[in-house]
Each structure stands twice: as structure tokens, then as C-alpha cells.
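To start, the structure itself, in C-alpha cells.
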Amino acid sequence: MGASPSPLTPVSADKRSFPVTGMSCASCAASVETILAKVPGVRSVSVNYANTTAQVDFDGEQISAAELRAAVQAVGYDLLIDTEDPDAAQEDIKEAEYEIIKRRTLWATVFTLPVFVIGMFYMDWPAGRWISLVLAAVVLFVFGRHFYVGAYRQARHGTANMDTLVALSTGIAFLFSVFNTLYPEFWLSRGLQPHVYYEAATIIVVFISLGKLLEERAKSNTSSAIKKLIGLQPKSVRAVVDGQEVELPIGEVQVGQTLIVRPGEKIPVDGQVTAGESYVAESMITGEPVPVRKHEGEAVFAGTVNQRGSFRFAAEKVGGATLLASIIRMVREAQGSKAPVQKLVDKIAGIFVPVVIGIAILTFITWMILGGKDAFSHALLASVAVLVIACPCALGLATPTAIMVGIGKGAENNILIKDAESLELGHKVNAVVLDKTGTITQGKPSVTAEHWEGVADAGAVKGILRAGESLSEHPLARAVVDWLEDQRLIDAEVTNFESLTGRGIRFVHGPTTYFVGNQRLLDEENIRASDDLKSRADTLREQANTVVFMTRNREAIGIVAIADPIKESSASAIRSLHDKNIEVYMLTGDNRQTAAAVARQVGLHDYRAEVLPADKADFVRDLQQRGKVVAMVGDGINDSQALATADVSIAMGHGSDIAMDVAKMTLITSDLAAIPRALELSKLTVRGIRQNLFWAFIYNLIGIPIAAGLLYPINGFLLDPMIAGAAMAFSSVSVVLNSLRLKSINL
């Protein structure tokens, strides 16, 4: 059963996510990941090109963040480690980079236009070659300088990336053209025309810069979920300081400080109402559409919106400790995590550039041998086209962009996804195991009936019961205590309290030992219960009540019936899963009669009652051995073992920290309909990944042979490097745009 609600657990201080700057392609991400992985003290690292972050799990006593940064800077990149708000800093850097790319693209286009006109229409104009030489030099070494700088940095460390391909292709084309401009007689004396390719080199830079511009803008859209969540945080608050109302920046709020919230304002941090009352819209946190009444003693959460009324509350969790901050952190880490298929793609991207350079060299040699009188010209054009058209960006973006959009879409639908693996695996689920209390039911049980036998003073017995149950963390015990709090009872003192997992509790009052628990406890302890008491218990169980026995001196003296209302969405959600041909099971530690009654009401045929935590994990393993891909849904500490065992683990957001820490997905809504939505989201995301990878691989498989001149012997077609540059740019943009289509789909 579930423990008391509490916020999501913060991540370890030694497992951090660092924004990375300076990456221009998937091979860059592979380089950064390789460098960081080699640093002593780093346990694991994952670099995501799509959201430009590095998630590093490292030993803080052995290595510092500054040393990680130094290692990355050595290969021409950078980590943001010292800023107070790394998200804002990264956003500022991305915006500044976007503006730089936009200016470079604009001016490169302006200078390339006359080069293109001269090359296409005035190729025999002697002065045109000199004009083109000057303009091309400006385009390549001013507006395209970053390609050469990046290639040089990579070469220093024995690595290569997209900058290497661009620098080689444009540099070779430019140098060959300069030679033909300065020494045309070298070719004329051999009966050949001294062609120049200034327009090809410059247009390659323009097309790739334009593609990068569109890619950066499209990639920024994939992180909109994070931006929306961050937008829920107000920038300033009204606080009471020395009896005066003052306005403070959100970063200066301290735990224990009294804050004021007025109608229509967002609640700045997590806390507890101390004065006043109002209705608060919590749909962005809980998914529940109806505003919740808040009065003294009620919890409030950052990012929720006050409706009517004004109230004061004491700050309890601020900064990164708030529930909203935990949600943002979980979404960001998930967007930075890698699906299993991405790990294979990264390996391919890491060797992609050297392989392409090898193909370009082989293309050049082949043309020089078989190319006839124009062998050198054709060899140069074909090898340059191969270098330009073969870009790892589309391959590198295929998976992470789809994952980022999918996780962002999940966050918008109250589904928090911890890592990409669960999102990729969710569509394969064909068996769902549901905990009962807090999952199918509301998790807020209340006492519905009581019956006592052979008790002279029921009030005194209830006082003892309250004292014993108050020491238990079980939600059913909480329901009994809440019920008894409203009754005027004499306080009792109990000792030797012991929790009996899955059965109940034992404690001592005076000279007498008491047991409080289920039928299984009575059976195991050989405790006698009268036929009348058993009959009443059976009747109550058939009505979906849980029956708790209280015993004294090895004899049952009374029963308390507790009912946990079934959620309105449970039956329809289970029906939806059945419609998808997914088997649904219910596991509960409750008795068989209550389990059967609940199962009947929600349309379930497969259930197990009176199961212990280890039994739940064993049941999941049994399903897996039968070839099932299992999703486990639970909310309590007793579900954590089964959650860890399942292929896909889903925790209810109001449950225990341990359950949410173990689970790979968390539903921040009590609506079970989010489960089929989560599985549908997985299906759509995986479909997008497959589409992206298909087109990325097909693009390269078709493009590289054509660029190498495969069609030339058949129809005389030789791919112009300009067209190759345009095709390369389009491939990356098309992959990102395909991923973004998921944002418009309703789950």
C-alpha cells in the first residue's frame, strides 16, 4: 500500500546535466562523449546532440566539474558549469548562436550571389574569375571560417566531424579553382579547359549554413515542453519581512518564510497554507481539472494558479527542491537520455566521417584511373560531392529529436518519462499489472462500518486501537486513525510495536498483546473468531470493503470495515487496454473477497489477492518468462520491487518517493486513462524514430553512390556539389520536421 505523498526525489549531486556549447553535428556529440568517458572518475556519460546536454555520472571526490570542463574545452567545446541558472545561460547562448548563424548565412548569400551568376552565365569572362576568387575567399574564410577552425581542432585530436567534411570539400574545390585561375596554361597546354568551382564551394557553405539555421530553429521547438514548465515559475514573490510586505526575487525565498498569494497569481514555491483560503488550479501538476479548495494546513505547489481569494503560506521547499523543479529536472534528464537504438546510431556516427573520407579518396582514385580525358575534373567534382552529401546530422538527429518531442508531449499529458528506454519499449507492452490501492482505487480509504464482540467498554478498546494504528504507516491504518480522531477517546499507551508486512501489526498494552490485521494474520497466528464475526466480515468484503480484525488474548474482539472508492476512470482505462489486446492483472495485499469485488466493478478477470511485495515481483517475473513485455503500475513502497522488475515501470505521482524513484514513468494525475495514452505515445514516438532512421539511412545509401558517379556510365549524370550541399541540408531539416509532427497529434 502507498505511503504518504511527498515530492519527487532529487537527483544525486554527482549526477549532473551540463549544457554543451560548440557542437555542430552528431559526430561532435560522439567526440564529447568519448572525451568525457575517458576522464578518470567518470562512471557514465551520455551526450545528446538534439538538446545539447551532457549527463555525467561522476565521482565528485575524484573529479570536479571544472576538470570535466577542461577536458571538453581541449577538443574545442565547452560545458556550462558555473552559472546560477544554466538553463537561462544555455538559452541565451543558443539565441546568440542562432543570431550569429543567421548573420553568417545572410552575408554568405549576399557574397555568393554574384559568384553564382558569374559561374553560371559568365564563365568565360576573364575578369569574372578574379572577382569570384576574392568573393569566394570572403565567403569561405570569413563567413565559413568556423568550419575550418572546427576541422583543425578535430584533426589535432585525431577525430573528425561534419566540419571536416565541409572544410575538405570546399577547401579542395577552392584551391583547385585558385590554381586554375593563376595557372590556366597548365591545362591549356594539355588540351584541357581550366574550369573553376568557386560557385560550388561558396554555395555549399550557404546551403549548409541555411540548413543549420533551419535545424537550430526546429530543434528549439522540440524543447518547448521544458520552456512551458519553466514558464510556470513566477520571477518574483510577495513576502512578509519584519511584519512588512515586500517583493523579492524568487531566488531569495527562504524555507519558513511567509509568502502572500493574491487572486490570479502563480504560487511561487511549495508550502503550507497558514492563513486565508482560496481555490487553486492544480491541473498542471495533478491533471485534475477542478480547482482544489485550500485552507489552513493544506499543501500548495509551485506553478499552480490561485483562483479566488488571497492567502498566506509558509515556504517549505524552494528552488530545486520544489515539485515543479523536480518535474522539470525529470523531463530534462529524460530528453537527454538515449534509447537503445540511439546507442547503435552513435557508434555509426562516430565512424561515419572517417568512412566517408575513405569513400571520397577511393572515388577520386577510381575516376583518375577510369575517367578518360576529363579524369581529374570529374575525380575532383565527384569526391567533393561525396564529402558534401554524406552528413551524419540526419542520422544523429533521427532518434533524439523524436525522443525529445515524445517526452515533451508526455509532460503535456501528465506523463513524466524518466528515460528514453521506457518510451521506446512501451509500445511492446502486452501485459499490464496494476496495484489496487491508490492505483485502481483512490488510495483514500475511510471506515464504513464497525462491529464489536465481547467488549464491555468499546471506547477504551478504540483508544487502544488508535494508539496502535497511529504507529503504522499503512494507509488503512491512517484511515482508522482519522476515523477515531473524531471520537472522544481516552489516550492509551502501547509498547513493543511490530509491523507484520502484508498482514497487520502487533503491539502490547499493559499485560495484553493485541493484533490488528487481516484474515491471513488470524490464520497464521491461530487466532479464533466467532462464526458471527466471520459472517459479517464476509458480507462486508463482498461489498468491496477491506476488513480489519482486532484481537485480544488470541481472540478476535471486533472488526472495522474500510472502503477505498474506485476511481471513475479505472474501468474505462482497463477497457481501453483490453481493446489494445493487452492483458491486465490486479495484484493486492487485500483479501480475496474485496479484491474480487473491485475486479468485478472494473471489468477485470485476472487478479491476485493477499500478495506480499516479493509475490508481486515474482508474478511479474512469471509473466516475463511466459514471453510477456510487462508494465507494472503502482504507488507504494511495497510496489517498488515489482516496479524494478518490470520491463516498463509506471508510478502514480501521489505515491511514495521510493516508487517514483524506481519507476521509469510517473503519472502526475490520478487518472488511469494516462496509461493507455502513455503506451500510445510510445507507439507514435517509435514510429517517428523508425521513419527518421529509414530516411536518414536511405538518404546516405542512395546519395553517396550517386555523388561518387554511379549514374555517369549509365546516363552521363554527375552530381554537382551545389546540389549535394542542398540535399544534405534538407535531410537534417526533414528529420527534425518529421519528429515535430508528433506535437500536433492528440493522444
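Ligands are numbered from 1 in the order shown, chains are lettered A, B, ... in the order of the C-alpha cells, and residues start at 1 in each chain.
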- Query: What are the DSSP alpha helix (DSSP H) residues of region 288-532 of chain A, as a ChimeraX atom specification?
  - Reply: /A:323-336,340-370,375-389,393-412,420-425,458-469,475-485,519-524,531-532
Dump C-alpha atoms for the selected residues as a tab-separated table (two decimals), in the first residue's frame?
chain	number	residue	atom	x	y	z
A	323	LEU	CA	7.75	19.54	-7.01
A	324	LEU	CA	7.74	21.63	-10.21
A	325	ALA	CA	11.55	21.79	-10.23
A	326	SER	CA	11.67	18.01	-9.81
A	327	ILE	CA	9.28	17.59	-12.74
A	328	ILE	CA	11.40	19.91	-14.90
A	329	ARG	CA	14.54	18.03	-13.91
A	330	MET	CA	12.94	14.67	-14.71
A	331	VAL	CA	11.76	15.84	-18.14
A	332	ARG	CA	15.15	17.34	-18.95
A	333	GLU	CA	17.03	14.19	-17.91
A	334	ALA	CA	14.64	12.05	-19.92
A	335	GLN	CA	15.10	14.22	-23.00
A	336	GLY	CA	18.85	13.86	-22.58
A	340	PRO	CA	18.88	1.66	-27.00
A	341	VAL	CA	18.66	2.23	-30.76
A	342	GLN	CA	20.40	5.60	-30.32
A	343	LYS	CA	23.46	3.92	-28.82
A	344	LEU	CA	23.89	1.95	-32.06
A	345	VAL	CA	23.35	5.09	-34.13
A	346	ASP	CA	26.01	6.92	-32.09
A	347	LYS	CA	28.54	4.20	-32.86
A	348	ILE	CA	27.71	4.54	-36.56
A	349	ALA	CA	28.01	8.34	-36.40
A	350	GLY	CA	31.39	8.01	-34.65
A	351	ILE	CA	32.94	6.09	-37.58
A	352	PHE	CA	30.82	7.75	-40.27
A	353	VAL	CA	33.16	10.63	-41.13
A	354	PRO	CA	36.35	8.54	-41.50
A	355	VAL	CA	34.45	6.07	-43.69
A	356	VAL	CA	33.14	8.89	-45.89
A	357	ILE	CA	36.62	10.37	-46.28
A	358	GLY	CA	37.80	6.92	-47.32
A	359	ILE	CA	34.99	6.67	-49.89
A	360	ALA	CA	35.87	10.13	-51.24
A	361	ILE	CA	39.52	9.12	-51.67
A	362	LEU	CA	38.50	5.85	-53.35
A	363	THR	CA	36.14	7.83	-55.63
A	364	PHE	CA	38.97	10.17	-56.62
A	365	ILE	CA	41.35	7.31	-57.38
A	366	THR	CA	38.72	5.39	-59.37
A	367	TRP	CA	37.91	8.42	-61.53
A	368	MET	CA	41.61	9.14	-62.11
A	369	ILE	CA	42.06	5.60	-63.40
A	370	LEU	CA	38.84	5.23	-65.42
A	375	ALA	CA	39.50	12.32	-65.33
A	376	PHE	CA	40.92	14.88	-62.90
A	377	SER	CA	38.00	17.28	-63.24
A	378	HIS	CA	35.46	14.51	-62.74
A	379	ALA	CA	37.50	12.97	-59.91
A	380	LEU	CA	37.58	16.29	-58.09
A	381	LEU	CA	33.86	17.02	-58.53
A	382	ALA	CA	32.77	13.52	-57.53
A	383	SER	CA	34.98	13.33	-54.42
A	384	VAL	CA	33.87	16.82	-53.32
A	385	ALA	CA	30.21	15.82	-53.84
A	386	VAL	CA	30.73	12.69	-51.71
A	387	LEU	CA	32.23	14.76	-48.90
A	388	VAL	CA	29.37	17.24	-49.01
A	389	ILE	CA	26.36	14.97	-49.37
A	393	CYS	CA	23.49	15.05	-38.87
A	394	ALA	CA	20.29	13.41	-40.14
A	395	LEU	CA	21.41	10.12	-38.64
A	396	GLY	CA	22.33	11.76	-35.34
A	397	LEU	CA	19.09	13.74	-35.09
A	398	ALA	CA	16.76	10.88	-36.05
A	399	THR	CA	16.33	9.36	-32.59
A	400	PRO	CA	16.93	12.21	-30.09
A	401	THR	CA	14.56	14.67	-31.74
A	402	ALA	CA	11.74	12.12	-31.77
A	403	ILE	CA	12.50	11.21	-28.13
A	404	MET	CA	12.56	14.87	-27.08
A	405	VAL	CA	9.24	15.62	-28.72
A	406	GLY	CA	7.72	12.40	-27.34
A	407	ILE	CA	8.84	13.16	-23.77
A	408	GLY	CA	7.64	16.75	-24.10
A	409	LYS	CA	4.29	15.50	-25.39
A	410	GLY	CA	4.11	13.17	-22.39
A	411	ALA	CA	4.78	16.03	-19.97
A	412	GLU	CA	1.91	17.99	-21.52
A	420	ALA	CA	14.20	7.08	-23.35
A	421	GLU	CA	14.39	3.31	-22.98
A	422	SER	CA	10.96	3.08	-21.36
A	423	LEU	CA	9.49	5.30	-24.06
A	424	GLU	CA	10.97	3.08	-26.77
A	425	LEU	CA	9.83	-0.13	-25.05
A	458	ALA	CA	-15.85	-0.12	23.27
A	459	GLY	CA	-14.44	3.37	23.88
A	460	ALA	CA	-11.46	2.01	25.78
A	461	VAL	CA	-10.78	-0.60	23.08
A	462	LYS	CA	-10.97	2.04	20.37
A	463	GLY	CA	-8.46	4.16	22.29
A	464	ILE	CA	-6.03	1.23	22.32
A	465	LEU	CA	-6.72	0.64	18.61
A	466	ARG	CA	-5.99	4.28	17.81
A	467	ALA	CA	-2.73	4.18	19.78
A	468	GLY	CA	-1.55	1.08	17.91
A	469	GLU	CA	-2.62	2.17	14.42
A	475	PRO	CA	-2.84	3.86	4.54
A	476	LEU	CA	-5.54	1.64	6.06
A	477	ALA	CA	-4.12	2.40	9.48
A	478	ARG	CA	-4.27	6.09	8.63
A	479	ALA	CA	-7.94	5.71	7.73
A	480	VAL	CA	-8.67	4.09	11.13
A	481	VAL	CA	-6.78	6.82	12.99
A	482	ASP	CA	-8.60	9.58	11.08
A	483	TRP	CA	-11.93	7.91	11.90
A	484	LEU	CA	-11.09	7.64	15.60
A	485	GLU	CA	-9.73	11.19	15.81
A	519	GLN	CA	-7.69	-12.84	7.83
A	520	ARG	CA	-4.24	-14.12	6.93
A	521	LEU	CA	-2.88	-12.78	10.23
A	522	LEU	CA	-5.59	-14.64	12.13
A	523	ASP	CA	-4.82	-17.87	10.28
A	524	GLU	CA	-1.07	-17.66	10.80
A	531	ASP	CA	-18.88	-17.56	13.25
A	532	ASP	CA	-20.97	-14.40	13.51
- Test item: residues at most 10 Å from Leu500 (chain A), only C-alpha atoms, excluding those fewer than 2 positions along its chain, as a PyMOL selection string: chain A and resi 497-498+502-506+515-517+521
Selected residues, all heavy atoms, written as a PDB file, in the first residue's frame, please.
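File produced: out20.pdb:
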ATOM      1  N   PHE A 497       5.730  -2.330  19.629  1.00  0.00           N
ATOM      2  CA  PHE A 497       5.031  -2.297  18.336  1.00  0.00           C
ATOM      3  C   PHE A 497       5.856  -3.033  17.281  1.00  0.00           C
ATOM      4  O   PHE A 497       7.071  -2.897  17.209  1.00  0.00           O
ATOM      5  CB  PHE A 497       4.799  -0.851  17.901  1.00  0.00           C
ATOM      6  CG  PHE A 497       4.210  -0.725  16.528  1.00  0.00           C
ATOM      7  CD1 PHE A 497       2.836  -0.778  16.348  1.00  0.00           C
ATOM      8  CD2 PHE A 497       5.028  -0.560  15.409  1.00  0.00           C
ATOM      9  CE1 PHE A 497       2.295  -0.678  15.078  1.00  0.00           C
ATOM     10  CE2 PHE A 497       4.489  -0.457  14.145  1.00  0.00           C
ATOM     11  CZ  PHE A 497       3.114  -0.518  13.986  1.00  0.00           C
ATOM     12  N   GLU A 498       5.161  -3.809  16.435  1.00  0.00           N
ATOM     13  CA  GLU A 498       5.823  -4.523  15.348  1.00  0.00           C
ATOM     14  C   GLU A 498       4.919  -4.537  14.124  1.00  0.00           C
ATOM     15  O   GLU A 498       3.742  -4.870  14.217  1.00  0.00           O
ATOM     16  CB  GLU A 498       6.142  -5.965  15.766  1.00  0.00           C
ATOM     17  CG  GLU A 498       6.893  -6.747  14.684  1.00  0.00           C
ATOM     18  CD  GLU A 498       7.179  -8.179  15.103  1.00  0.00           C
ATOM     19  OE1 GLU A 498       6.805  -8.554  16.234  1.00  0.00           O
ATOM     20  OE2 GLU A 498       7.763  -8.923  14.284  1.00  0.00           O
ATOM     21  N   GLY A 502       2.301  -7.139   5.061  1.00  0.00           N
ATOM     22  CA  GLY A 502       1.247  -7.819   4.323  1.00  0.00           C
ATOM     23  C   GLY A 502       0.176  -8.448   5.189  1.00  0.00           C
ATOM     24  O   GLY A 502      -0.754  -9.080   4.677  1.00  0.00           O
ATOM     25  N   ARG A 503       0.294  -8.289   6.524  1.00  0.00           N
ATOM     26  CA  ARG A 503      -0.680  -8.938   7.414  1.00  0.00           C
ATOM     27  C   ARG A 503      -1.300  -7.971   8.420  1.00  0.00           C
ATOM     28  O   ARG A 503      -2.493  -8.004   8.666  1.00  0.00           O
ATOM     29  CB  ARG A 503      -0.009 -10.098   8.156  1.00  0.00           C
ATOM     30  CG  ARG A 503       0.368 -11.272   7.254  1.00  0.00           C
ATOM     31  CD  ARG A 503       1.325 -12.219   7.944  1.00  0.00           C
ATOM     32  NE  ARG A 503       2.624 -11.580   8.142  1.00  0.00           N
ATOM     33  CZ  ARG A 503       3.582 -12.066   8.933  1.00  0.00           C
ATOM     34  NH1 ARG A 503       3.380 -13.175   9.619  1.00  0.00           N
ATOM     35  NH2 ARG A 503       4.736 -11.439   9.052  1.00  0.00           N
ATOM     36  N   GLY A 504      -0.487  -7.101   9.040  1.00  0.00           N
ATOM     37  CA  GLY A 504      -1.028  -6.175  10.021  1.00  0.00           C
ATOM     38  C   GLY A 504       0.025  -5.726  11.002  1.00  0.00           C
ATOM     39  O   GLY A 504       1.202  -5.566  10.639  1.00  0.00           O
ATOM     40  N   ILE A 505      -0.393  -5.545  12.291  1.00  0.00           N
ATOM     41  CA  ILE A 505       0.536  -5.071  13.314  1.00  0.00           C
ATOM     42  C   ILE A 505       0.320  -5.864  14.613  1.00  0.00           C
ATOM     43  O   ILE A 505      -0.718  -6.507  14.807  1.00  0.00           O
ATOM     44  CB  ILE A 505       0.348  -3.562  13.595  1.00  0.00           C
ATOM     45  CG1 ILE A 505      -1.084  -3.284  14.080  1.00  0.00           C
ATOM     46  CG2 ILE A 505       0.698  -2.735  12.373  1.00  0.00           C
ATOM     47  CD1 ILE A 505      -1.319  -1.846  14.518  1.00  0.00           C
ATOM     48  N   ARG A 506       1.325  -5.779  15.471  1.00  0.00           N
ATOM     49  CA  ARG A 506       1.224  -6.373  16.799  1.00  0.00           C
ATOM     50  C   ARG A 506       1.777  -5.361  17.794  1.00  0.00           C
ATOM     51  O   ARG A 506       2.784  -4.685  17.524  1.00  0.00           O
ATOM     52  CB  ARG A 506       2.038  -7.665  16.867  1.00  0.00           C
ATOM     53  CG  ARG A 506       2.078  -8.282  18.273  1.00  0.00           C
ATOM     54  CD  ARG A 506       2.732  -9.655  18.247  1.00  0.00           C
ATOM     55  NE  ARG A 506       4.035  -9.606  17.575  1.00  0.00           N
ATOM     56  CZ  ARG A 506       4.621 -10.676  17.026  1.00  0.00           C
ATOM     57  NH1 ARG A 506       4.021 -11.843  17.020  1.00  0.00           N
ATOM     58  NH2 ARG A 506       5.799 -10.563  16.447  1.00  0.00           N
ATOM     59  N   PHE A 515      -3.357  -7.888  18.315  1.00  0.00           N
ATOM     60  CA  PHE A 515      -3.075  -7.964  16.882  1.00  0.00           C
ATOM     61  C   PHE A 515      -4.153  -7.177  16.152  1.00  0.00           C
ATOM     62  O   PHE A 515      -5.333  -7.236  16.532  1.00  0.00           O
ATOM     63  CB  PHE A 515      -3.102  -9.415  16.375  1.00  0.00           C
ATOM     64  CG  PHE A 515      -1.922 -10.237  16.786  1.00  0.00           C
ATOM     65  CD1 PHE A 515      -1.945 -10.975  17.970  1.00  0.00           C
ATOM     66  CD2 PHE A 515      -0.785 -10.276  15.992  1.00  0.00           C
ATOM     67  CE1 PHE A 515      -0.869 -11.745  18.351  1.00  0.00           C
ATOM     68  CE2 PHE A 515       0.309 -11.061  16.366  1.00  0.00           C
ATOM     69  CZ  PHE A 515       0.265 -11.788  17.547  1.00  0.00           C
ATOM     70  N   VAL A 516      -3.760  -6.461  15.120  1.00  0.00           N
ATOM     71  CA  VAL A 516      -4.720  -5.793  14.242  1.00  0.00           C
ATOM     72  C   VAL A 516      -4.296  -6.118  12.814  1.00  0.00           C
ATOM     73  O   VAL A 516      -3.157  -5.809  12.413  1.00  0.00           O
ATOM     74  CB  VAL A 516      -4.729  -4.262  14.451  1.00  0.00           C
ATOM     75  CG1 VAL A 516      -5.717  -3.607  13.487  1.00  0.00           C
ATOM     76  CG2 VAL A 516      -5.075  -3.919  15.895  1.00  0.00           C
ATOM     77  N   GLY A 517      -5.180  -6.767  12.049  1.00  0.00           N
ATOM     78  CA  GLY A 517      -4.774  -7.127  10.702  1.00  0.00           C
ATOM     79  C   GLY A 517      -5.833  -7.905   9.954  1.00  0.00           C
ATOM     80  O   GLY A 517      -7.009  -7.910  10.322  1.00  0.00           O
ATOM     81  N   LEU A 521      -3.521 -12.911   8.918  1.00  0.00           N
ATOM     82  CA  LEU A 521      -2.882 -12.779  10.225  1.00  0.00           C
ATOM     83  C   LEU A 521      -3.543 -13.709  11.242  1.00  0.00           C
ATOM     84  O   LEU A 521      -2.857 -14.388  12.021  1.00  0.00           O
ATOM     85  CB  LEU A 521      -2.971 -11.326  10.694  1.00  0.00           C
ATOM     86  CG  LEU A 521      -2.419 -11.016  12.092  1.00  0.00           C
ATOM     87  CD1 LEU A 521      -0.933 -11.300  12.161  1.00  0.00           C
ATOM     88  CD2 LEU A 521      -2.700  -9.563  12.467  1.00  0.00           C
TER      89      LEU A 521
END
- What does the distance between CA of Tyr148 (chain A) and CA of Thr170 (chain A) come to in Å, to one decimal place? 9.8 Å
Considering only C-alpha atoms, give me a table of residues in region 487-561 of chain A that are at most 9 Å from region 586-600 of chain A, with the closest atom pair and distance in Å for each, as a Markdown table.
| residue | atom | partner | partner_atom | distance |
| --- | --- | --- | --- | --- |
| A:Gly502 | CA | A:Gly589 | CA | 6.0 |
| A:Arg503 | CA | A:Gly589 | CA | 8.2 |
| A:Asn518 | CA | A:Asn591 | CA | 7.4 |
| A:Gln519 | CA | A:Asn591 | CA | 7.4 |
| A:Arg520 | CA | A:Asn591 | CA | 8.3 |
| A:Asp538 | CA | A:Gln593 | CA | 7.2 |
| A:Thr539 | CA | A:Gln593 | CA | 8.9 |
| A:Leu540 | CA | A:Thr594 | CA | 8.3 |
| A:Arg541 | CA | A:Thr594 | CA | 4.8 |
| A:Glu542 | CA | A:Gln593 | CA | 5.4 |
| A:Gln543 | CA | A:Ala597 | CA | 6.5 |
| A:Ala544 | CA | A:Thr594 | CA | 4.4 |
| A:Asn545 | CA | A:Thr594 | CA | 5.7 |
| A:Thr546 | CA | A:Thr594 | CA | 6.0 |
| A:Val547 | CA | A:Asn591 | CA | 8.2 |
- Query: Can you list every residue in region 257-472 of chain A that DSSP puts in strand (DSSP E or B), as JSON, numbers by chain?
  - Reply: {"A": [258, 259, 260, 261, 266, 270, 271, 272, 273, 274, 275, 276, 278, 279, 280, 281, 292, 293, 294, 299, 300, 305, 306, 311, 312, 313, 314, 315, 316, 317, 415, 416, 417, 431, 432, 433, 434, 435, 441, 446, 447, 448, 449, 450, 451, 452]}
- Find the residues near Gln62 (chain A): any atom within 9 Å, counting only C-alpha atoms, skip ones fewer than 2 places away on the same chain, and give them as a list in words. Pro40, Gly41, Val42, Phe58, Asp59, Gly60 and Ser64 of chain A
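The space separating CA of His295 (chain A) from CA of Lys317 (chain A) comes to 18.5 Å.
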- 7 Å contact set for Tyr514 (chain A), only C-alpha atoms, chain neighbours under 3 positions out, as a ChimeraX atom specification: /A:506-508,551-553
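Counting only C-alpha atoms, the residue from A:Val735, A:Val246, A:Leu135, A:Val611 that sits nearest to Phe697 (chain A) is A:Val735.
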